[in-house]
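Shown next: work25.csv, given as CSV, C-alpha atoms and all ligand atoms.
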```csv
chain,number,residue,atom,x,y,z
K,1,MET,CA,6.0,16.5,-12.4
K,2,SER,CA,8.1,14.0,-10.5
K,3,VAL,CA,9.5,15.1,-7.1
K,4,ILE,CA,12.9,13.7,-7.9
K,5,GLU,CA,14.1,13.2,-11.5
K,6,ILE,CA,17.4,11.7,-12.1
K,7,THR,CA,18.5,11.5,-15.8
K,8,GLY,CA,21.5,9.6,-17.1
K,9,LEU,CA,23.6,10.2,-14.0
K,10,THR,CA,27.2,9.1,-14.2
K,11,LYS,CA,29.9,9.6,-11.7
K,12,ASP,CA,33.5,8.7,-12.1
K,13,TYR,CA,35.8,9.0,-9.1
K,14,PRO,CA,39.5,9.6,-9.8
K,15,THR,CA,41.6,7.0,-8.0
K,16,GLY,CA,45.1,5.6,-7.9
K,17,PHE,CA,48.5,7.2,-8.3
K,18,LEU,CA,48.1,10.8,-9.5
K,19,HIS,CA,44.4,10.1,-9.9
K,20,LEU,CA,45.0,8.7,-13.3
K,21,LYS,CA,42.5,5.9,-13.0
K,22,ARG,CA,38.8,6.2,-12.6
K,23,VAL,CA,36.1,4.2,-10.8
K,24,ARG,CA,32.7,4.5,-12.3
K,25,ALA,CA,30.4,4.6,-9.2
K,26,LEU,CA,27.2,5.5,-11.2
K,27,ASP,CA,26.6,4.5,-14.7
K,28,GLY,CA,23.7,6.2,-16.6
K,29,LEU,CA,21.3,6.1,-13.7
K,30,SER,CA,17.8,7.4,-14.5
K,31,LEU,CA,14.9,7.4,-11.9
K,32,ALA,CA,11.8,9.3,-11.0
K,33,VAL,CA,10.3,9.5,-7.6
K,34,GLU,CA,6.7,10.7,-7.3
K,35,ALA,CA,5.1,13.0,-4.7
K,36,GLY,CA,4.2,11.3,-1.4
K,37,GLU,CA,6.1,8.1,-2.2
K,38,ILE,CA,8.4,6.2,0.1
K,39,PHE,CA,11.0,5.2,-2.4
K,40,GLY,CA,13.6,2.6,-1.4
K,41,PHE,CA,17.0,2.7,-2.9
K,42,LEU,CA,18.5,-0.8,-2.5
K,43,GLY,CA,21.9,-2.0,-3.3
K,44,GLY,CA,24.9,-3.8,-1.8
K,45,ASN,CA,28.0,-2.2,-0.5
K,46,GLY,CA,29.6,0.0,-3.2
K,47,ALA,CA,26.5,-0.1,-5.5
K,48,GLY,CA,26.5,3.7,-5.7
K,49,LYS,CA,23.7,4.7,-3.3
K,50,THR,CA,25.6,7.3,-1.3
K,51,THR,CA,27.1,8.7,-4.4
K,52,ALA,CA,23.6,9.3,-5.9
K,53,ILE,CA,22.3,10.8,-2.7
K,54,LYS,CA,25.3,13.1,-2.4
K,55,ILE,CA,24.7,14.3,-6.0
K,56,LEU,CA,21.0,15.0,-5.2
K,57,MET,CA,22.2,17.1,-2.2
K,58,ARG,CA,24.7,18.8,-4.4
K,59,LEU,CA,27.5,17.7,-2.1
K,60,MET,CA,29.3,16.5,-5.3
K,61,THR,CA,28.8,17.1,-9.0
K,62,PRO,CA,28.1,14.3,-11.4
K,63,THR,CA,30.5,13.5,-14.3
K,64,SER,CA,27.4,13.7,-16.6
K,65,GLY,CA,23.7,13.6,-16.4
K,66,ARG,CA,21.4,15.7,-14.3
K,67,ALA,CA,19.2,15.7,-11.2
K,68,ARG,CA,16.1,17.8,-10.4
K,69,ILE,CA,14.2,18.0,-7.1
K,70,LEU,CA,10.7,19.7,-6.9
K,71,GLY,CA,11.2,20.9,-10.5
K,72,HIS,CA,14.5,22.6,-9.8
K,73,ASP,CA,18.0,21.6,-10.8
K,74,VAL,CA,19.8,20.5,-7.7
K,75,ALA,CA,22.4,23.2,-8.3
K,76,ASP,CA,19.6,25.7,-7.4
K,77,VAL,CA,20.3,26.3,-3.7
K,78,ALA,CA,16.9,27.7,-2.9
K,79,VAL,CA,15.3,24.2,-3.3
K,80,HIS,CA,17.6,22.9,-0.5
K,81,ALA,CA,15.6,24.8,2.1
K,82,ARG,CA,12.7,22.4,1.3
K,83,LEU,CA,14.8,19.2,1.8
K,84,GLY,CA,15.8,17.2,4.7
K,85,TYR,CA,19.0,15.0,4.6
K,86,LEU,CA,20.4,12.4,6.8
K,87,PRO,CA,24.0,11.6,5.8
K,88,GLU,CA,25.4,8.1,5.9
K,89,GLN,CA,27.7,8.9,8.7
K,90,PRO,CA,26.3,11.9,10.5
K,91,TYR,CA,29.0,13.9,12.0
K,92,PHE,CA,28.2,16.9,14.2
K,93,TYR,CA,30.3,19.2,16.3
K,94,ASP,CA,30.4,16.8,19.2
K,95,TYR,CA,30.9,19.2,22.1
K,96,LEU,CA,27.4,20.4,21.6
K,97,THR,CA,24.5,18.6,23.4
K,98,ALA,CA,21.7,17.1,21.4
K,99,ARG,CA,19.4,19.9,22.4
K,100,GLU,CA,22.0,22.6,21.5
K,101,LEU,CA,22.6,21.1,18.1
K,102,LEU,CA,18.9,21.0,17.2
K,103,GLU,CA,18.3,24.5,18.5
K,104,TYR,CA,21.2,25.7,16.4
K,105,CYS,CA,19.7,24.0,13.3
K,106,ALA,CA,16.3,25.6,14.1
K,107,GLU,CA,18.1,28.9,14.4
K,108,LEU,CA,19.6,28.4,10.9
K,109,PHE,CA,16.0,27.9,9.6
K,110,GLY,CA,14.9,31.2,11.2
K,111,TYR,CA,13.1,29.9,14.3
K,112,ARG,CA,12.9,32.5,17.1
K,113,PRO,CA,14.5,31.6,20.6
K,114,THR,CA,11.3,30.3,22.3
K,115,ALA,CA,10.1,28.5,19.2
K,116,ARG,CA,13.6,26.9,18.8
K,117,ARG,CA,13.5,25.3,22.2
K,118,ALA,CA,10.0,23.8,21.6
K,119,ARG,CA,11.1,22.7,18.1
K,120,ALA,CA,14.2,20.9,19.4
K,121,ALA,CA,12.2,19.1,22.2
K,122,ASP,CA,9.5,18.1,19.7
K,123,LEU,CA,12.0,16.6,17.3
K,124,LEU,CA,14.0,14.8,20.0
K,125,ARG,CA,10.8,13.3,21.2
K,126,ARG,CA,9.8,12.3,17.7
K,127,VAL,CA,13.0,10.3,17.2
K,128,HIS,CA,12.6,8.7,20.7
K,129,LEU,CA,15.9,10.0,22.1
K,130,ASP,CA,15.8,9.3,25.8
K,131,GLU,CA,15.2,12.6,27.5
K,132,ALA,CA,18.0,12.0,29.9
K,133,ALA,CA,20.4,12.3,26.9
K,134,TRP,CA,19.1,15.6,25.6
K,135,ASP,CA,21.6,17.7,27.5
K,136,ARG,CA,24.6,15.3,27.1
K,137,GLN,CA,27.4,16.1,24.7
K,138,LEU,CA,27.2,14.3,21.4
K,139,ARG,CA,30.7,12.9,21.8
K,140,LYS,CA,29.3,10.7,24.5
K,141,PHE,CA,26.5,9.3,22.3
K,142,SER,CA,26.3,5.8,20.9
K,143,LYS,CA,26.0,5.2,17.2
K,144,GLY,CA,22.2,4.6,17.4
K,145,MET,CA,21.7,7.7,19.5
K,146,LEU,CA,23.7,9.8,17.0
K,147,GLN,CA,21.5,8.3,14.2
K,148,ARG,CA,18.4,9.5,16.0
K,149,VAL,CA,19.9,13.0,16.4
K,150,GLY,CA,20.8,12.9,12.7
K,151,LEU,CA,17.2,12.1,11.8
K,152,ALA,CA,15.9,14.8,14.1
K,153,GLN,CA,18.1,17.4,12.3
K,154,ALA,CA,16.9,16.2,8.9
K,155,LEU,CA,13.3,17.2,9.9
K,156,VAL,CA,14.0,20.6,11.5
K,157,ASN,CA,12.6,22.6,8.6
K,158,ASP,CA,9.5,20.4,8.0
K,159,PRO,CA,10.9,19.3,4.7
K,160,GLU,CA,8.8,18.4,1.7
K,161,VAL,CA,11.3,15.8,0.6
K,162,VAL,CA,13.7,13.8,2.8
K,163,LEU,CA,16.7,11.9,1.6
K,164,LEU,CA,17.9,9.4,4.1
K,165,ASP,CA,21.1,7.5,3.6
K,166,GLU,CA,20.8,4.3,5.6
K,167,PRO,CA,18.4,5.6,8.3
K,168,MET,CA,18.3,2.4,10.2
K,169,SER,CA,22.0,1.9,10.4
K,170,GLY,CA,23.2,1.4,14.0
K,171,LEU,CA,19.8,1.1,15.5
K,172,ASP,CA,18.6,-1.8,17.7
K,173,PRO,CA,15.4,-3.6,16.7
K,174,ILE,CA,13.3,-1.2,18.8
K,175,GLY,CA,15.0,1.8,17.3
K,176,ARG,CA,14.4,0.4,13.8
K,177,ARG,CA,10.8,-0.1,14.5
K,178,GLN,CA,10.6,3.5,15.8
K,179,VAL,CA,12.3,4.9,12.7
K,180,ARG,CA,10.1,2.8,10.5
K,181,ASP,CA,7.0,4.3,12.2
K,182,LEU,CA,8.5,7.8,11.9
K,183,ILE,CA,9.1,7.3,8.1
K,184,ALA,CA,5.5,5.9,7.7
K,185,GLY,CA,4.3,9.0,9.6
K,186,LEU,CA,6.1,11.3,7.1
K,187,ARG,CA,4.3,9.6,4.3
K,188,ALA,CA,1.0,10.2,6.1
K,189,ALA,CA,1.9,13.9,6.3
K,190,GLY,CA,2.5,14.0,2.5
K,191,VAL,CA,6.3,14.1,2.7
K,192,THR,CA,8.2,12.3,-0.1
K,193,VAL,CA,10.9,10.0,1.3
K,194,PHE,CA,13.8,8.7,-0.6
K,195,PHE,CA,15.9,6.3,1.5
K,196,SER,CA,18.8,4.0,0.8
K,197,SER,CA,19.3,0.7,2.6
K,198,HIS,CA,20.7,-2.8,2.2
K,199,ILE,CA,18.3,-4.1,4.8
K,200,ILE,CA,15.7,-5.8,2.7
K,201,ALA,CA,13.2,-6.2,5.6
K,202,ASP,CA,13.0,-2.4,6.2
K,203,ILE,CA,12.4,-1.8,2.5
K,204,GLU,CA,9.7,-4.5,2.3
K,205,VAL,CA,7.6,-3.1,5.1
K,206,LEU,CA,7.9,0.6,4.1
K,207,CYS,CA,8.3,1.3,0.5
K,208,ASP,CA,5.8,1.9,-2.3
K,209,ARG,CA,8.4,1.5,-4.9
K,210,VAL,CA,12.0,0.4,-5.0
K,211,ALA,CA,15.0,0.7,-7.2
K,212,ILE,CA,17.8,-1.9,-7.0
K,213,LEU,CA,21.2,-0.6,-7.9
K,214,ARG,CA,24.0,-2.9,-8.9
K,215,GLY,CA,27.4,-1.8,-9.9
K,216,GLY,CA,26.2,1.8,-10.4
K,217,ARG,CA,23.4,0.7,-12.8
K,218,LEU,CA,19.7,0.3,-12.3
K,219,ALA,CA,19.0,-3.4,-12.1
K,220,HIS,CA,15.3,-3.2,-11.3
K,221,VAL,CA,12.7,-0.5,-10.5
K,222,GLY,CA,9.0,-0.8,-9.8
K,223,ARG,CA,6.3,-1.3,-7.2
K,224,LEU,CA,7.2,-4.0,-4.7
K,225,ASP,CA,4.2,-6.1,-5.5
K,226,GLU,CA,4.9,-5.9,-9.3
K,227,LEU,CA,8.5,-6.9,-8.8
K,228,ARG,CA,7.4,-9.9,-6.7
K,229,GLN,CA,4.8,-10.9,-9.2
K,230,ARG,CA,7.4,-10.9,-11.9
K,231,MET,CA,9.5,-13.2,-9.8
K,232,ASP,CA,6.7,-15.5,-8.9
K,233,SER,CA,6.0,-16.4,-12.5
K,234,ALA,CA,8.9,-18.8,-12.3
K,235,GLY,CA,6.2,-21.3,-11.3
K,236,ARG,CA,8.2,-23.7,-9.1
K,237,LEU,CA,6.3,-25.4,-6.2
K,238,GLU,CA,7.5,-26.8,-3.0
K,239,ILE,CA,6.1,-30.0,-1.5
K,240,THR,CA,6.7,-30.5,2.2
K,241,VAL,CA,6.5,-34.1,3.5
K,242,ILE,CA,7.3,-36.1,6.6
K,243,GLY,CA,7.9,-39.7,7.5
K,244,ALA,CA,10.2,-40.8,4.7
K,245,PRO,CA,14.0,-41.0,4.7
K,246,VAL,CA,15.6,-38.3,2.6
K,247,PRO,CA,18.0,-40.5,0.6
K,248,ALA,CA,15.1,-42.8,-0.5
K,249,LEU,CA,13.1,-39.8,-1.5
K,250,ALA,CA,16.0,-38.3,-3.5
K,251,ASP,CA,16.4,-41.6,-5.3
K,252,ALA,CA,12.7,-42.0,-6.1
K,253,LEU,CA,12.3,-38.3,-7.3
K,254,ARG,CA,15.0,-38.8,-9.9
K,255,LYS,CA,12.1,-39.8,-12.1
K,256,VAL,CA,10.7,-36.3,-12.1
K,257,ASP,CA,12.7,-34.0,-14.3
K,258,GLY,CA,14.1,-31.0,-12.5
K,259,ALA,CA,12.9,-32.1,-9.0
K,260,ARG,CA,15.1,-31.4,-6.0
K,261,VAL,CA,14.9,-32.9,-2.6
K,262,ALA,CA,16.3,-31.3,0.6
K,263,GLY,CA,16.1,-32.6,4.2
K,264,THR,CA,14.5,-30.4,6.8
K,265,PRO,CA,14.5,-30.8,10.6
K,266,ALA,CA,11.0,-32.4,10.5
K,267,GLY,CA,11.1,-34.3,7.1
K,268,ALA,CA,11.9,-33.2,3.6
K,269,ARG,CA,11.1,-30.5,1.0
K,270,ILE,CA,10.6,-31.5,-2.6
K,271,ASP,CA,10.9,-28.7,-5.1
K,272,VAL,CA,9.3,-29.3,-8.5
K,273,PRO,CA,9.5,-27.2,-11.7
K,274,SER,CA,5.7,-26.8,-12.3
K,275,GLU,CA,2.2,-27.7,-11.1
K,276,ARG,CA,2.1,-30.6,-13.6
K,277,ASP,CA,4.8,-32.4,-11.7
K,278,VAL,CA,3.0,-32.3,-8.3
K,279,ASP,CA,0.9,-35.5,-8.7
K,280,ALA,CA,3.8,-37.6,-9.9
K,281,ALA,CA,6.2,-36.3,-7.3
K,282,LEU,CA,3.6,-36.9,-4.5
K,283,ALA,CA,2.9,-40.5,-5.7
K,284,LEU,CA,6.7,-41.3,-5.7
K,285,ALA,CA,7.1,-39.7,-2.2
K,286,ARG,CA,4.1,-41.7,-0.9
K,287,GLY,CA,5.8,-44.8,-2.3
K,288,CYS,CA,8.6,-44.1,0.1
K,289,GLY,CA,6.2,-43.8,3.1
K,290,ALA,CA,6.0,-40.0,3.0
K,291,ARG,CA,3.0,-38.1,4.3
K,292,LEU,CA,2.0,-34.7,2.8
K,293,VAL,CA,2.2,-31.6,4.9
K,294,ALA,CA,1.9,-28.8,2.4
K,295,VAL,CA,2.2,-27.8,-1.3
K,296,GLN,CA,2.9,-24.2,-2.0
K,297,PRO,CA,4.3,-22.0,-4.8
K,298,ILE,CA,7.9,-20.9,-4.2
K,299,ARG,CA,7.8,-17.2,-3.7
K,300,GLN,CA,11.0,-15.6,-4.6
K,301,SER,CA,11.9,-12.9,-2.3
K,302,LEU,CA,13.1,-9.4,-2.9
K,303,GLU,CA,16.4,-10.9,-1.8
K,304,ASP,CA,16.7,-12.9,-5.0
K,305,LEU,CA,16.4,-9.7,-7.0
K,306,PHE,CA,18.8,-7.9,-4.7
K,307,VAL,CA,21.5,-10.5,-4.9
K,308,GLY,CA,21.2,-11.1,-8.7
K,309,ASP,CA,24.5,-11.6,-10.5
K,310,GLY,CA,25.2,-8.3,-12.1
K,311,PRO,CA,28.5,-6.5,-12.4
K,312,ARG,CA,30.2,-4.7,-9.6
K,313,ALA,CA,31.5,-1.1,-9.9
K,314,GLN,CA,33.1,-0.6,-13.3
K,315,HIS,CA,36.6,0.7,-13.9
K,316,ALA,CA,36.1,3.4,-16.5
K,317,ASP,CA,39.6,3.6,-17.8
K,401,LIG,N1,35.6,9.4,-2.6
K,401,LIG,C1,35.7,8.3,-3.4
K,401,LIG,N2,36.8,8.1,-4.1
K,401,LIG,C2,36.9,7.0,-4.9
K,401,LIG,N3,36.0,6.1,-5.0
K,401,LIG,C3,34.8,6.2,-4.3
K,401,LIG,C4,34.6,7.4,-3.4
K,401,LIG,N4,33.4,7.2,-2.9
K,401,LIG,C5,32.9,6.1,-3.3
K,401,LIG,N5,33.7,5.5,-4.2
K,401,LIG,C6,33.5,4.3,-4.9
K,401,LIG,O1,32.2,4.4,-5.6
K,401,LIG,C7,31.5,3.2,-5.6
K,401,LIG,C8,30.1,3.5,-5.0
K,401,LIG,O2,30.3,3.9,-3.6
K,401,LIG,P1,29.0,4.4,-2.7
K,401,LIG,O3,29.6,4.9,-1.4
K,401,LIG,O4,28.2,5.3,-3.5
K,401,LIG,O5,28.2,3.0,-2.5
K,401,LIG,P2,27.0,2.7,-1.5
K,401,LIG,O6,26.0,2.0,-2.4
K,401,LIG,O7,26.6,3.8,-0.8
K,401,LIG,O8,27.7,1.6,-0.6
K,401,LIG,P3,27.4,1.3,1.0
K,401,LIG,O9,26.2,0.4,1.1
K,401,LIG,O10,28.7,0.5,1.4
K,401,LIG,O11,27.3,2.5,1.7
K,401,LIG,C9,32.3,2.2,-4.8
K,401,LIG,O12,33.0,1.4,-5.7
K,401,LIG,C10,33.3,3.1,-4.0
K,401,LIG,O13,34.5,2.4,-3.8
K,402,MG,MG,26.5,4.3,1.2
```
What does this structure look like when you write it as structure tokens?
Ligand SMILES: Nc1ncnc2c1ncn2[C@@H]1O[C@H](COP(=O)(O)OP(=O)(O)OP(=O)(O)O)[C@@H](O)[C@H]1O
Ligand SMILES: [Mg+2]
Amino acid sequence: MSVIEITGLTKDYPTGFLHLKRVRALDGLSLAVEAGEIFGFLGGNGAGKTTAIKILMRLMTPTSGRARILGHDVADVAVHARLGYLPEQPYFYDYLTARELLEYCAELFGYRPTARRARAADLLRRVHLDEAAWDRQLRKFSKGMLQRVGLAQALVNDPEVVLLDEPMSGLDPIGRRQVRDLIAGLRAAGVTVFFSSHIIADIEVLCDRVAILRGGRLAHVGRLDELRQRMDSAGRLEITVIGAPVPALADALRKVDGARVAGTPAGARIDVPSERDVDAALALARGCGARLVAVQPIRQSLEDLFVGDGPRAQHAD
């Protein structure tokens, strides 16, 4: 059984005058997340990530399709006690202090007064919120500090599954590293993590599998290494040289079909379509006085998959 199962999820938002038009935010999305995975949900602005997460949290209902978590339909409220959720823009009653908010959350989950206090302190420490801020009202918090409090409240109930909508948003580089470590720690404890982001670097270091959403549709899904392998099969190679003027190189390399030459601060980069072209390209470059620095396959990055050129959100009317 998958921990999260999304089947044919479609969501149309009514928009425009009298709500007569509709924007299709999700379009037949199907996904499965397995136990103990860190699953990255990638997509540009407006791709539909938040919509999908809100449907999983039953904060909105889908137009069609269904979603199950831990074997239960998301409409089953009992399962929500086993989940943790960080909203995209956490908003809390901001006259409470960080400690008060977490103690209140712990109370909601049935912690007794002394256990509540210990629980709140433990969580605030885990998200590395500076102890000097624990008893300060949330309205005086910076974006990154609120994000940490949001993460802490998502973990109050020791959830089996956490859904995090842009957990790194607003964090400085140190904070991002701390949150990465925290998420990695959750995996070590057997928690399933589903998190959305458009920061590719965070996804690359953390995730077992990723889904890339584009215009409400699934553009790619798979293990990160598999996705990369699929992209590497393009087979282009990059030859780095120094010591030759770029215009002369560009002129000489016209003889190799599909070769491209670009200047770099130190010399030039020659990009050829396949391994078979390397010798010819190198001989031509040497003819211009170039010296070889390196030959390497061009590794397409996750960014290439992410950017793609698929459709944006569809108008369903
Ligand atoms: N309440 C709403 N009413 C109308 N349209 C909406 C509403 N919320 C979202 N949308 C539209 O649905 C699409 C998906 O939005 P969503 O917030 O799910 O994207 P996202 O992937 O989370 O983007 P971001 O990275 O900017 O957070 C967008 O086209 C957006 O304009
Ligand atoms: Mg969003």
May I have the residues at most 9 Å from (23.4, 3.9, -4.6) in the file's coordinates, counting all atoms listed in the file, as a ChimeraX atom specification? /K:25-26,41-53,196-197,212-217
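For the atom pair formed by CA of Thr61 in chain K and CA of Arg187 in chain K, the distance is 28.9 Å, given to one decimal.
Among K:Leu70, K:Gln89, K:Ser64, K:Asp76, the residue with the shortest atom-to-atom distance to ligand MG 402 (chain K), counting only C-alpha atoms and all ligand atoms, is K:Gln89.
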Residues proximal to (25.4, 0.9, 10.8) were defined as those with any atom within 9 Å of that point in the file's coordinates, counting only C-alpha atoms. Which are they, as an MDAnalysis selection string? chainID K and resid 88:89 143:144 166:171
Could you write out that same residue set with C-alpha atoms as a CSV table (one decimal), in the coordinates of the input?
```
chain,number,residue,atom,x,y,z
K,88,GLU,CA,25.4,8.1,5.9
K,89,GLN,CA,27.7,8.9,8.7
K,143,LYS,CA,26.0,5.2,17.2
K,144,GLY,CA,22.2,4.6,17.4
K,166,GLU,CA,20.8,4.3,5.6
K,167,PRO,CA,18.4,5.6,8.3
K,168,MET,CA,18.3,2.4,10.2
K,169,SER,CA,22.0,1.9,10.4
K,170,GLY,CA,23.2,1.4,14.0
K,171,LEU,CA,19.8,1.1,15.5
```
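With atom O4 of ligand LIG 401 (chain K) on one side and CA of Ala211 in chain K on the other, the separation reads 14.5 Å.
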